[in-house]
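Visitor: Below: one structure in structure tokens.
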Amino acid sequence: MRFSAEQQGFAREIRAFCARECGTAAQRDALTAGGTDHNSPDLLRRFGELGWLGISLPAEDGGVGGSFVDETLFIEEASRGQAMIDAYCTGLTAAQTYLHWGDADQRRTVVETLCAGGIEAIALSEPDAGSDLGSARLRARLEGDEYVIDGQKTWTSAAHLAQHVLVLTRTDTTGGKHDGLTLLTVPGDAPGLEIRGIDTMGARVVNDLFFTGVRVPASAVVGTAGNAWKQLMRGLGVERVIIAAMQVGAAERSLDDLLAYVTRREQFGRTIGSFQAIRHRIADLATDVAVGRAFLYDVADRIDAGEEGDLARDSSMVKVRATETAKHVALEAMQMMGGYGYAREYGMERQVRAALAPPIYGGTNEIQREIISRSLGL
């Protein structure tokens with residue numbers, strides 16, 4: 001698609017800010033306590049002050065009121081610049097459900113939180129319910145005018161930083177597995193809620209959540225009690241596009257860093273980028289990134305056109321393509337950079353580690369292929 005002059009200028013502003021403020025490993029470590037987290041609350045607040053957060057969220061709820069294409073540009077460029085704001089993207093996913101099903105107070109609270117650089121989380125998975133969310137068992141029972149929550153959630157991104165967590169609970173066990181599911185908004189500091197980080201091969205992102213007699217008012221229901229399965233579907237479709245935007249930016253960064261390396265690294269009296277074997281591999285990578293980016297903005301533009309209800313297949317497709325391209329580009333870049341690609345100094349090893357999780361989260365790519373194949377009548 002064609003971007004307006006304003007959109008192109010916006011992308012340049014984000015790129016310049018990231019290069020200046022978080023362009024080096026030392027800067028990123030300083031913003032994340034030595035690289036121990038994938039998120040910098042300070043950086044998020046600064047983006048909020050610049051008016052770059054909540055671009056696609058409705059103005060009547062406190063957002064900027066811009067387009068989803070504008071939001072996609074922001075996410076792409078922030079990811080390309082390695083800004084540590086993954087939790088903002090998680091919050092955008094949660095916001096889709098609040099915006100469509102929440103009441104006025106819930107919508108405004110969440111939108112204003114995100115626009116100010118705060119964080120919203122969403123807790124869906126459980127130890128025995130990941131891809132099969134219909135098997136969720138976290139219990140919420142109604143006592144008077146309060147719900148009491150007991151059980152565990154897992155793999156919850158950014159819950160340790162969140163103001164609120166949107167929690168998938170089971171409030172009725174008498175129907176089918178997709179019945180009796182209810183979404184509740186829970187304060188991140190609610191009594192009885194324990195949040196423990198999960199050790200992974202990267203910096204901290206995900207958490208286990210333990211609920212022991214956590215009480216929230218009946219007004220904490222988002223949408224209609226017992227109807228969460230239907231309510232979640234819209235937000236998860238947009239989530240795939242958000243993940244794709246992050247991964248297009250990540251792939252571009254790996255390609256940028258690879259190009260910078262091969263044009264200055266010399267072997268046998270010439271830069272390694274001058275060897276045909278390297279040039280052709282990089283040409284293929286650049287083509288894959290360009291195709292994924294074009295597909296991403298086609299889907300984002302169709303969301304702006306109000307077609308998101310018809311995009312289940314395409315959102316799955318773009319999620320698969322972008323995440324696997326980002327992983328492939330990072331791995332290829334590491335190989336072409338040789339030992340330097342494996343060394344922490346050059347940063348490609350971090351990009352490889354960061355590229356391994358996206359094909360898993362937001363619905364594994366295997367699940368996305370199931371959605372795609374079923375849409376083809378298979």
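Chains: A, B, ... in order of the structure tokens. Residues: from 1 per chain. Ligands: from 1, in order shown.
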Please provide as an NGL selection string all residues within 12 Å of A:Leu114, with the sequence filter that same-chain residues fewer than 4 positions apart are discarded (counting only C-alpha atoms).

Guide: :A and (41 or 44-45 or 47-49 or 51-57 or 61-64 or 85 or 87-95 or 107-110 or 118-121 or 162-164)

Visitor: Name all residues at most 6 Å from stretch 272-278 of chain A (count only C-alpha atoms; drop same-chain ones fewer than 3 positions away) and give them as a list in words.

Guide: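 Contacts, with the query itself left out: Val262, Thr263, Glu266 and Arg281 of chain A.
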
Visitor: Near A:His100, within 9 Å and counting only C-alpha atoms, which residues show up once chain neighbours fewer than 2 positions away are dropped, as a VMD selection string?

Guide: chain A and resid 95 to 98 102 to 103 107 223 231 234 to 235

Visitor: Take the residues just selected and output them with N, CA and C atoms as a PDB file, in the first residue's frame.

Guide:
ATOM      1  N   ALA A  95      -7.022  -4.826  24.919  1.00  0.00           N
ATOM      2  CA  ALA A  95      -7.919  -3.707  24.651  1.00  0.00           C
ATOM      3  C   ALA A  95      -8.990  -4.046  23.626  1.00  0.00           C
ATOM      4  N   GLN A  96      -8.687  -4.940  22.668  1.00  0.00           N
ATOM      5  CA  GLN A  96      -9.688  -5.280  21.648  1.00  0.00           C
ATOM      6  C   GLN A  96     -10.952  -5.844  22.292  1.00  0.00           C
ATOM      7  N   THR A  97     -10.762  -6.675  23.314  1.00  0.00           N
ATOM      8  CA  THR A  97     -11.927  -7.263  23.990  1.00  0.00           C
ATOM      9  C   THR A  97     -12.663  -6.216  24.813  1.00  0.00           C
ATOM     10  N   TYR A  98     -11.927  -5.386  25.543  1.00  0.00           N
ATOM     11  CA  TYR A  98     -12.576  -4.329  26.320  1.00  0.00           C
ATOM     12  C   TYR A  98     -13.379  -3.386  25.411  1.00  0.00           C
ATOM     13  N   GLY A 102     -16.597  -4.356  26.716  1.00  0.00           N
ATOM     14  CA  GLY A 102     -16.589  -3.728  28.025  1.00  0.00           C
ATOM     15  C   GLY A 102     -17.558  -2.568  28.140  1.00  0.00           C
ATOM     16  N   ASP A 103     -17.847  -2.168  29.384  1.00  0.00           N
ATOM     17  CA  ASP A 103     -18.691  -0.992  29.584  1.00  0.00           C
ATOM     18  C   ASP A 103     -17.837   0.270  29.450  1.00  0.00           C
ATOM     19  N   ARG A 107     -13.691   0.498  29.316  1.00  0.00           N
ATOM     20  CA  ARG A 107     -13.013   0.945  28.097  1.00  0.00           C
ATOM     21  C   ARG A 107     -12.105   2.135  28.378  1.00  0.00           C
ATOM     22  N   GLY A 223     -18.199  -7.834  29.312  1.00  0.00           N
ATOM     23  CA  GLY A 223     -19.194  -8.435  28.436  1.00  0.00           C
ATOM     24  C   GLY A 223     -20.278  -9.118  29.234  1.00  0.00           C
ATOM     25  N   GLN A 231     -16.621 -13.786  22.847  1.00  0.00           N
ATOM     26  CA  GLN A 231     -16.018 -12.468  23.021  1.00  0.00           C
ATOM     27  C   GLN A 231     -14.524 -12.465  22.710  1.00  0.00           C
ATOM     28  N   ARG A 234     -12.647 -12.069  18.559  1.00  0.00           N
ATOM     29  CA  ARG A 234     -12.271 -10.835  17.864  1.00  0.00           C
ATOM     30  C   ARG A 234     -10.883 -10.378  18.271  1.00  0.00           C
ATOM     31  N   GLY A 235     -10.634 -10.355  19.574  1.00  0.00           N
ATOM     32  CA  GLY A 235      -9.353  -9.877  20.062  1.00  0.00           C
ATOM     33  C   GLY A 235      -8.200 -10.744  19.612  1.00  0.00           C
TER      34      GLY A 235
END

Visitor: Closest to A:Lys230 among A:Leu331, A:Leu183, A:Ala11, A:Ala305, using only C-alpha atoms?

Guide: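 Ranked by minimum distance to A:Lys230, first place goes to A:Leu183.
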
Visitor: So, with only C-alpha atoms as the atoms that count, which of A:Arg2, A:Ser79, A:Asn365, A:Thr32 lies closest to A:Glu324?

Guide: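 Closest to A:Glu324, using only C-alpha atoms: A:Asn365.
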
Visitor: Env of stretch 139-151 of chain A: 12 Å cut, atoms = only C-alpha atoms, seq-sep filter 2 positions within chain, self excluded. Answer as a short mmCIF file (atom, residue, chain, number, x, y, z; two decimals) with N, CA, C and O atoms, in the first residue's frame.

Guide:
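Output contents, as saved in out_13.cif:
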data_model
loop_
_atom_site.label_atom_id
_atom_site.label_comp_id
_atom_site.auth_asym_id
_atom_site.auth_seq_id
_atom_site.Cartn_x
_atom_site.Cartn_y
_atom_site.Cartn_z
N ALA A 123 -4.82 -13.05 30.69
CA ALA A 123 -4.47 -14.38 31.19
C ALA A 123 -5.47 -15.40 30.66
O ALA A 123 -6.63 -15.43 31.09
N SER A 125 -4.13 -18.92 29.17
CA SER A 125 -3.61 -20.29 29.27
C SER A 125 -3.55 -20.78 30.71
O SER A 125 -3.39 -20.00 31.65
N GLU A 126 -3.67 -22.09 30.84
CA GLU A 126 -3.51 -22.79 32.12
C GLU A 126 -2.58 -23.97 31.91
O GLU A 126 -2.29 -24.34 30.76
N PRO A 127 -2.09 -24.59 32.97
CA PRO A 127 -1.19 -25.73 32.80
C PRO A 127 -1.73 -26.81 31.88
O PRO A 127 -0.97 -27.46 31.16
N ASP A 128 -3.05 -27.02 31.89
CA ASP A 128 -3.66 -28.05 31.04
C ASP A 128 -4.57 -27.48 29.96
O ASP A 128 -5.38 -28.20 29.38
N SER A 135 -10.80 -25.79 27.54
CA SER A 135 -10.58 -26.66 28.70
C SER A 135 -10.18 -25.88 29.95
O SER A 135 -9.80 -26.48 30.96
N ALA A 136 -10.25 -24.55 29.88
CA ALA A 136 -9.88 -23.72 31.04
C ALA A 136 -10.72 -24.08 32.26
O ALA A 136 -11.94 -24.29 32.16
N ARG A 137 -10.06 -24.15 33.43
CA ARG A 137 -10.75 -24.58 34.65
C ARG A 137 -10.65 -23.57 35.79
O ARG A 137 -11.22 -23.81 36.86
N LYS A 153 -3.25 -19.57 36.35
CA LYS A 153 -3.01 -19.25 34.94
C LYS A 153 -1.50 -19.32 34.70
O LYS A 153 -0.70 -19.20 35.64
N THR A 154 -1.11 -19.49 33.44
CA THR A 154 0.32 -19.57 33.13
C THR A 154 0.60 -18.90 31.80
O THR A 154 -0.32 -18.59 31.03
N VAL A 167 -8.86 -11.84 32.80
CA VAL A 167 -8.71 -13.25 33.16
C VAL A 167 -9.88 -14.07 32.64
O VAL A 167 -11.05 -13.74 32.88
N LEU A 168 -9.54 -15.15 31.94
CA LEU A 168 -10.55 -16.10 31.48
C LEU A 168 -10.85 -17.07 32.62
O LEU A 168 -9.96 -17.77 33.11
N THR A 169 -12.09 -17.10 33.06
CA THR A 169 -12.50 -17.95 34.18
C THR A 169 -13.67 -18.85 33.78
O THR A 169 -14.36 -18.59 32.78
N ARG A 170 -13.88 -19.88 34.58
CA ARG A 170 -15.06 -20.72 34.39
C ARG A 170 -16.03 -20.44 35.53
O ARG A 170 -15.72 -20.65 36.70
N THR A 171 -17.20 -19.95 35.16
CA THR A 171 -18.21 -19.60 36.16
C THR A 171 -19.36 -20.59 36.19
O THR A 171 -20.22 -20.52 37.06
N ASP A 172 -19.38 -21.51 35.22
CA ASP A 172 -20.46 -22.50 35.18
C ASP A 172 -19.90 -23.78 34.57
O ASP A 172 -19.25 -23.74 33.52
N THR A 173 -20.11 -24.90 35.20
CA THR A 173 -19.57 -26.18 34.74
C THR A 173 -20.65 -27.11 34.19
O THR A 173 -20.38 -28.28 33.93
N GLY A 180 -20.12 -21.30 29.75
CA GLY A 180 -19.78 -21.04 31.14
C GLY A 180 -18.45 -20.39 31.36
O GLY A 180 -17.93 -20.39 32.49
N LEU A 181 -17.87 -19.81 30.32
CA LEU A 181 -16.60 -19.09 30.46
C LEU A 181 -16.88 -17.60 30.56
O LEU A 181 -17.70 -17.05 29.81
N THR A 182 -16.18 -16.94 31.49
CA THR A 182 -16.44 -15.52 31.76
C THR A 182 -15.12 -14.77 31.87
O THR A 182 -14.16 -15.26 32.46
N LEU A 183 -15.08 -13.58 31.30
CA LEU A 183 -13.91 -12.71 31.40
C LEU A 183 -14.10 -11.74 32.56
O LEU A 183 -15.13 -11.06 32.65
N LEU A 184 -13.10 -11.69 33.44
CA LEU A 184 -13.11 -10.76 34.57
C LEU A 184 -11.87 -9.88 34.52
O LEU A 184 -10.77 -10.36 34.20
N THR A 185 -12.02 -8.61 34.84
CA THR A 185 -10.86 -7.73 34.95
C THR A 185 -10.43 -7.68 36.42
O THR A 185 -11.23 -7.39 37.32
N VAL A 186 -9.16 -8.01 36.65
CA VAL A 186 -8.62 -8.16 38.00
C VAL A 186 -7.46 -7.17 38.18
O VAL A 186 -6.56 -7.14 37.35
N ALA A 190 -4.24 -7.22 43.24
CA ALA A 190 -5.37 -7.73 44.03
C ALA A 190 -4.89 -8.67 45.13
O ALA A 190 -4.02 -9.52 44.90
N PRO A 191 -5.42 -8.54 46.36
CA PRO A 191 -5.07 -9.48 47.43
C PRO A 191 -5.39 -10.90 47.02
O PRO A 191 -6.47 -11.17 46.46
N GLY A 192 -4.47 -11.82 47.30
CA GLY A 192 -4.67 -13.22 46.94
C GLY A 192 -4.12 -13.60 45.59
O GLY A 192 -4.12 -14.77 45.22
N LEU A 193 -3.63 -12.60 44.82
CA LEU A 193 -3.02 -12.88 43.52
C LEU A 193 -1.50 -12.90 43.67
O LEU A 193 -0.90 -11.91 44.07
N GLU A 194 -0.90 -14.02 43.35
CA GLU A 194 0.56 -14.15 43.39
C GLU A 194 1.08 -14.31 41.96
O GLU A 194 0.58 -15.14 41.20
N ASP A 208 3.58 -17.16 35.85
CA ASP A 208 2.52 -17.97 36.43
C ASP A 208 1.70 -17.06 37.35
O ASP A 208 2.28 -16.24 38.09
N LEU A 209 0.39 -17.23 37.34
CA LEU A 209 -0.50 -16.48 38.21
C LEU A 209 -1.26 -17.46 39.10
O LEU A 209 -1.89 -18.40 38.59
N PHE A 210 -1.19 -17.24 40.40
CA PHE A 210 -1.90 -18.09 41.35
C PHE A 210 -2.97 -17.26 42.05
O PHE A 210 -2.67 -16.23 42.68
N PHE A 211 -4.22 -17.72 41.95
CA PHE A 211 -5.36 -17.02 42.54
C PHE A 211 -5.84 -17.82 43.75
O PHE A 211 -6.20 -19.00 43.63
N THR A 212 -5.83 -17.17 44.90
CA THR A 212 -6.30 -17.81 46.13
C THR A 212 -7.34 -16.90 46.78
O THR A 212 -7.00 -15.91 47.43
N GLY A 213 -8.60 -17.21 46.54
CA GLY A 213 -9.67 -16.39 47.11
C GLY A 213 -9.64 -14.95 46.65
O GLY A 213 -10.02 -14.04 47.41
N VAL A 214 -9.23 -14.69 45.41
CA VAL A 214 -9.20 -13.32 44.89
C VAL A 214 -10.63 -12.86 44.64
O VAL A 214 -11.42 -13.55 43.96
N ARG A 215 -10.99 -11.73 45.21
CA ARG A 215 -12.35 -11.21 45.10
C ARG A 215 -12.41 -9.97 44.20
O ARG A 215 -11.60 -9.06 44.35
N VAL A 216 -13.36 -9.99 43.28
CA VAL A 216 -13.62 -8.82 42.44
C VAL A 216 -15.13 -8.61 42.41
O VAL A 216 -15.91 -9.57 42.54
N PRO A 217 -15.59 -7.38 42.24
CA PRO A 217 -17.03 -7.14 42.20
C PRO A 217 -17.66 -7.74 40.95
O PRO A 217 -16.98 -7.96 39.93
N ALA A 218 -18.94 -7.97 41.01
CA ALA A 218 -19.66 -8.51 39.86
C ALA A 218 -19.53 -7.59 38.65
O ALA A 218 -19.59 -8.04 37.50
N SER A 219 -19.31 -6.31 38.89
CA SER A 219 -19.13 -5.35 37.80
C SER A 219 -17.81 -5.56 37.05
O SER A 219 -17.57 -4.92 36.02
N ALA A 220 -16.95 -6.46 37.56
CA ALA A 220 -15.68 -6.75 36.89
C ALA A 220 -15.86 -7.64 35.66
O ALA A 220 -14.91 -7.85 34.90
N VAL A 221 -17.06 -8.17 35.46
CA VAL A 221 -17.32 -8.97 34.26
C VAL A 221 -17.17 -8.08 33.02
O VAL A 221 -17.71 -6.98 32.97
N ALA A 225 -21.49 -12.59 31.38
CA ALA A 225 -21.04 -13.80 32.07
C ALA A 225 -21.45 -15.04 31.27
O ALA A 225 -22.57 -15.13 30.77
N GLY A 226 -20.50 -15.97 31.13
CA GLY A 226 -20.76 -17.21 30.42
C GLY A 226 -20.57 -17.15 28.92
O GLY A 226 -20.71 -18.15 28.22
#

Visitor: Have a look at A:Asp105, A:Glu349, A:Gly237, A:Glu21 and name the one nearest to A:Val299; count only C-alpha atoms.

Guide: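 Result for the nearest residue to A:Val299: A:Gly237.
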
Visitor: Closest to A:Ala203 among A:Ala159, A:Leu311, A:Leu255, A:Ala354, using only C-alpha atoms?

Guide: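 Looking at the shortest contact to A:Ala203, the residue is A:Ala354.
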
Visitor: I'd like the contact shell of A:Val352 - 10 Å cut-off, only C-alpha atoms, skipping same-chain residues fewer than 6 positions apart - returned as JSON, numbers by chain.

Guide: {"A": [250, 254, 326, 327, 328, 329, 330, 331, 332, 333, 334, 341, 342]}

Visitor: Could you write out that same residue set with N, CA, C and O atoms as a PDB file, in the first residue's frame?

Guide:
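And here is the file that came out, part29.pdb:
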ATOM      1  N   ALA A 250      11.113  -6.997  13.539  1.00  0.00           N
ATOM      2  CA  ALA A 250      12.260  -7.780  13.998  1.00  0.00           C
ATOM      3  C   ALA A 250      13.056  -8.331  12.821  1.00  0.00           C
ATOM      4  O   ALA A 250      14.298  -8.340  12.835  1.00  0.00           O
ATOM      5  N   SER A 254      17.061  -7.639  11.836  1.00  0.00           N
ATOM      6  CA  SER A 254      18.068  -8.661  11.568  1.00  0.00           C
ATOM      7  C   SER A 254      18.701  -8.443  10.202  1.00  0.00           C
ATOM      8  O   SER A 254      19.922  -8.578  10.038  1.00  0.00           O
ATOM      9  N   ALA A 326      10.809 -13.966  10.409  1.00  0.00           N
ATOM     10  CA  ALA A 326      11.710 -13.361  11.392  1.00  0.00           C
ATOM     11  C   ALA A 326      12.689 -14.389  11.941  1.00  0.00           C
ATOM     12  O   ALA A 326      13.887 -14.105  12.114  1.00  0.00           O
ATOM     13  N   LYS A 327      12.201 -15.585  12.224  1.00  0.00           N
ATOM     14  CA  LYS A 327      13.090 -16.638  12.728  1.00  0.00           C
ATOM     15  C   LYS A 327      14.116 -17.040  11.670  1.00  0.00           C
ATOM     16  O   LYS A 327      15.310 -17.168  11.968  1.00  0.00           O
ATOM     17  N   HIS A 328      13.677 -17.201  10.436  1.00  0.00           N
ATOM     18  CA  HIS A 328      14.575 -17.609   9.353  1.00  0.00           C
ATOM     19  C   HIS A 328      15.643 -16.555   9.089  1.00  0.00           C
ATOM     20  O   HIS A 328      16.831 -16.883   8.933  1.00  0.00           O
ATOM     21  N   VAL A 329      15.235 -15.285   9.065  1.00  0.00           N
ATOM     22  CA  VAL A 329      16.202 -14.213   8.800  1.00  0.00           C
ATOM     23  C   VAL A 329      17.247 -14.155   9.911  1.00  0.00           C
ATOM     24  O   VAL A 329      18.449 -14.024   9.640  1.00  0.00           O
ATOM     25  N   ALA A 330      16.822 -14.252  11.163  1.00  0.00           N
ATOM     26  CA  ALA A 330      17.771 -14.187  12.283  1.00  0.00           C
ATOM     27  C   ALA A 330      18.747 -15.364  12.244  1.00  0.00           C
ATOM     28  O   ALA A 330      19.963 -15.194  12.452  1.00  0.00           O
ATOM     29  N   LEU A 331      18.250 -16.563  11.969  1.00  0.00           N
ATOM     30  CA  LEU A 331      19.124 -17.740  11.918  1.00  0.00           C
ATOM     31  C   LEU A 331      20.088 -17.666  10.738  1.00  0.00           C
ATOM     32  O   LEU A 331      21.268 -18.009  10.854  1.00  0.00           O
ATOM     33  N   GLU A 332      19.597 -17.240   9.585  1.00  0.00           N
ATOM     34  CA  GLU A 332      20.463 -17.077   8.425  1.00  0.00           C
ATOM     35  C   GLU A 332      21.517 -16.001   8.676  1.00  0.00           C
ATOM     36  O   GLU A 332      22.684 -16.141   8.281  1.00  0.00           O
ATOM     37  N   ALA A 333      21.112 -14.905   9.315  1.00  0.00           N
ATOM     38  CA  ALA A 333      22.059 -13.836   9.609  1.00  0.00           C
ATOM     39  C   ALA A 333      23.146 -14.332  10.553  1.00  0.00           C
ATOM     40  O   ALA A 333      24.340 -14.033  10.359  1.00  0.00           O
ATOM     41  N   MET A 334      22.764 -15.085  11.565  1.00  0.00           N
ATOM     42  CA  MET A 334      23.762 -15.646  12.474  1.00  0.00           C
ATOM     43  C   MET A 334      24.754 -16.526  11.714  1.00  0.00           C
ATOM     44  O   MET A 334      25.971 -16.443  11.922  1.00  0.00           O
ATOM     45  N   GLY A 341      28.166 -13.747  14.714  1.00  0.00           N
ATOM     46  CA  GLY A 341      26.728 -13.871  14.869  1.00  0.00           C
ATOM     47  C   GLY A 341      26.348 -14.549  16.173  1.00  0.00           C
ATOM     48  O   GLY A 341      25.261 -14.318  16.707  1.00  0.00           O
ATOM     49  N   TYR A 342      27.246 -15.373  16.690  1.00  0.00           N
ATOM     50  CA  TYR A 342      27.010 -16.100  17.928  1.00  0.00           C
ATOM     51  C   TYR A 342      27.454 -15.301  19.149  1.00  0.00           C
ATOM     52  O   TYR A 342      27.056 -15.604  20.276  1.00  0.00           O
TER      53      TYR A 342
END

Visitor: Check stretch 55-133 of chain A with DSSP on the backbone and list each residue it calls strand (DSSP E or B), as an mmCIF file with N, CA, C and O atoms, in the first residue's frame.

Guide:
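Output below, filename selection.cif:
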data_model
loop_
_atom_site.group_PDB
_atom_site.id
_atom_site.type_symbol
_atom_site.label_atom_id
_atom_site.label_comp_id
_atom_site.auth_asym_id
_atom_site.auth_seq_id
_atom_site.Cartn_x
_atom_site.Cartn_y
_atom_site.Cartn_z
ATOM 1 N N ILE A 85 9.172 -2.649 24.436
ATOM 2 C CA ILE A 85 7.782 -2.311 24.776
ATOM 3 C C ILE A 85 6.829 -3.429 24.350
ATOM 4 O O ILE A 85 5.681 -3.170 23.970
ATOM 5 N N GLU A 120 -1.512 -3.405 30.393
ATOM 6 C CA GLU A 120 -2.661 -4.278 30.601
ATOM 7 C C GLU A 120 -2.266 -5.685 30.145
ATOM 8 O O GLU A 120 -1.623 -5.849 29.104
ATOM 9 N N ALA A 121 -2.649 -6.697 30.901
ATOM 10 C CA ALA A 121 -2.307 -8.070 30.551
ATOM 11 C C ALA A 121 -3.574 -8.881 30.323
ATOM 12 O O ALA A 121 -4.677 -8.466 30.694
ATOM 13 N N ILE A 122 -3.397 -10.057 29.713
ATOM 14 C CA ILE A 122 -4.520 -10.954 29.483
ATOM 15 C C ILE A 122 -4.071 -12.368 29.824
ATOM 16 O O ILE A 122 -3.026 -12.833 29.361
ATOM 17 N N ALA A 123 -4.824 -13.051 30.688
ATOM 18 C CA ALA A 123 -4.475 -14.377 31.187
ATOM 19 C C ALA A 123 -5.470 -15.395 30.658
ATOM 20 O O ALA A 123 -6.630 -15.430 31.092
ATOM 21 N N GLU A 126 -3.671 -22.095 30.840
ATOM 22 C CA GLU A 126 -3.515 -22.787 32.120
ATOM 23 C C GLU A 126 -2.576 -23.971 31.910
ATOM 24 O O GLU A 126 -2.286 -24.341 30.762
ATOM 25 N N ALA A 129 -4.444 -26.183 29.710
ATOM 26 C CA ALA A 129 -5.287 -25.542 28.693
ATOM 27 C C ALA A 129 -4.482 -24.443 28.012
ATOM 28 O O ALA A 129 -4.427 -23.312 28.501
#

Visitor: Please return, as a PyMOL selection string, all residues of stretch 20-220 of chain A that DSSP assigns to alpha helix (DSSP H) on the basis of the backbone.

Guide: chain A and resi 20-21+25-31+41-49+68-80+86-101+104-115

Visitor: Using only C-alpha atoms, find the one residue out of A:Thr323, A:Arg353, A:Thr271, A:Gly188 that sits nearest to A:Ala158.

Guide: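 That would be A:Gly188, the residue with the smallest distance to A:Ala158.
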
Visitor: Between A:Asp37, A:Ile372, A:Ala244, A:Lys319, which one has atoms that come closest to A:Gly197, using only C-alpha atoms?

Guide: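 Nearest to A:Gly197: A:Asp37.
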
Visitor: Between atom CA of A:Val205 and atom CA of A:Thr364, what is the distance in Å, rounded to a tenth?

Guide: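 For atom CA of A:Val205 relative to atom CA of A:Thr364, the distance reads 17.1 Å.
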
Visitor: Can you tell me which residues surround A:Ala19 at a distance of at most 12 Å, considering only C-alpha atoms, apart from same-chain residues fewer than 3 positions away, and format the answer as a PyMOL selection string?

Guide: chain A and resi 12-16+22-25+27-28+77-83+253

Visitor: In Å, rounded to a single decimal, give me how far atom CA of A:Tyr297 is from atom CA of A:Leu99.

Guide: 22.2 Å

Visitor: Just how far from atom CA of A:Trp155 is atom CA of A:Asp199, in Å to one decimal?

Guide: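 Atom CA of A:Asp199 sits 10.7 Å away from atom CA of A:Trp155.
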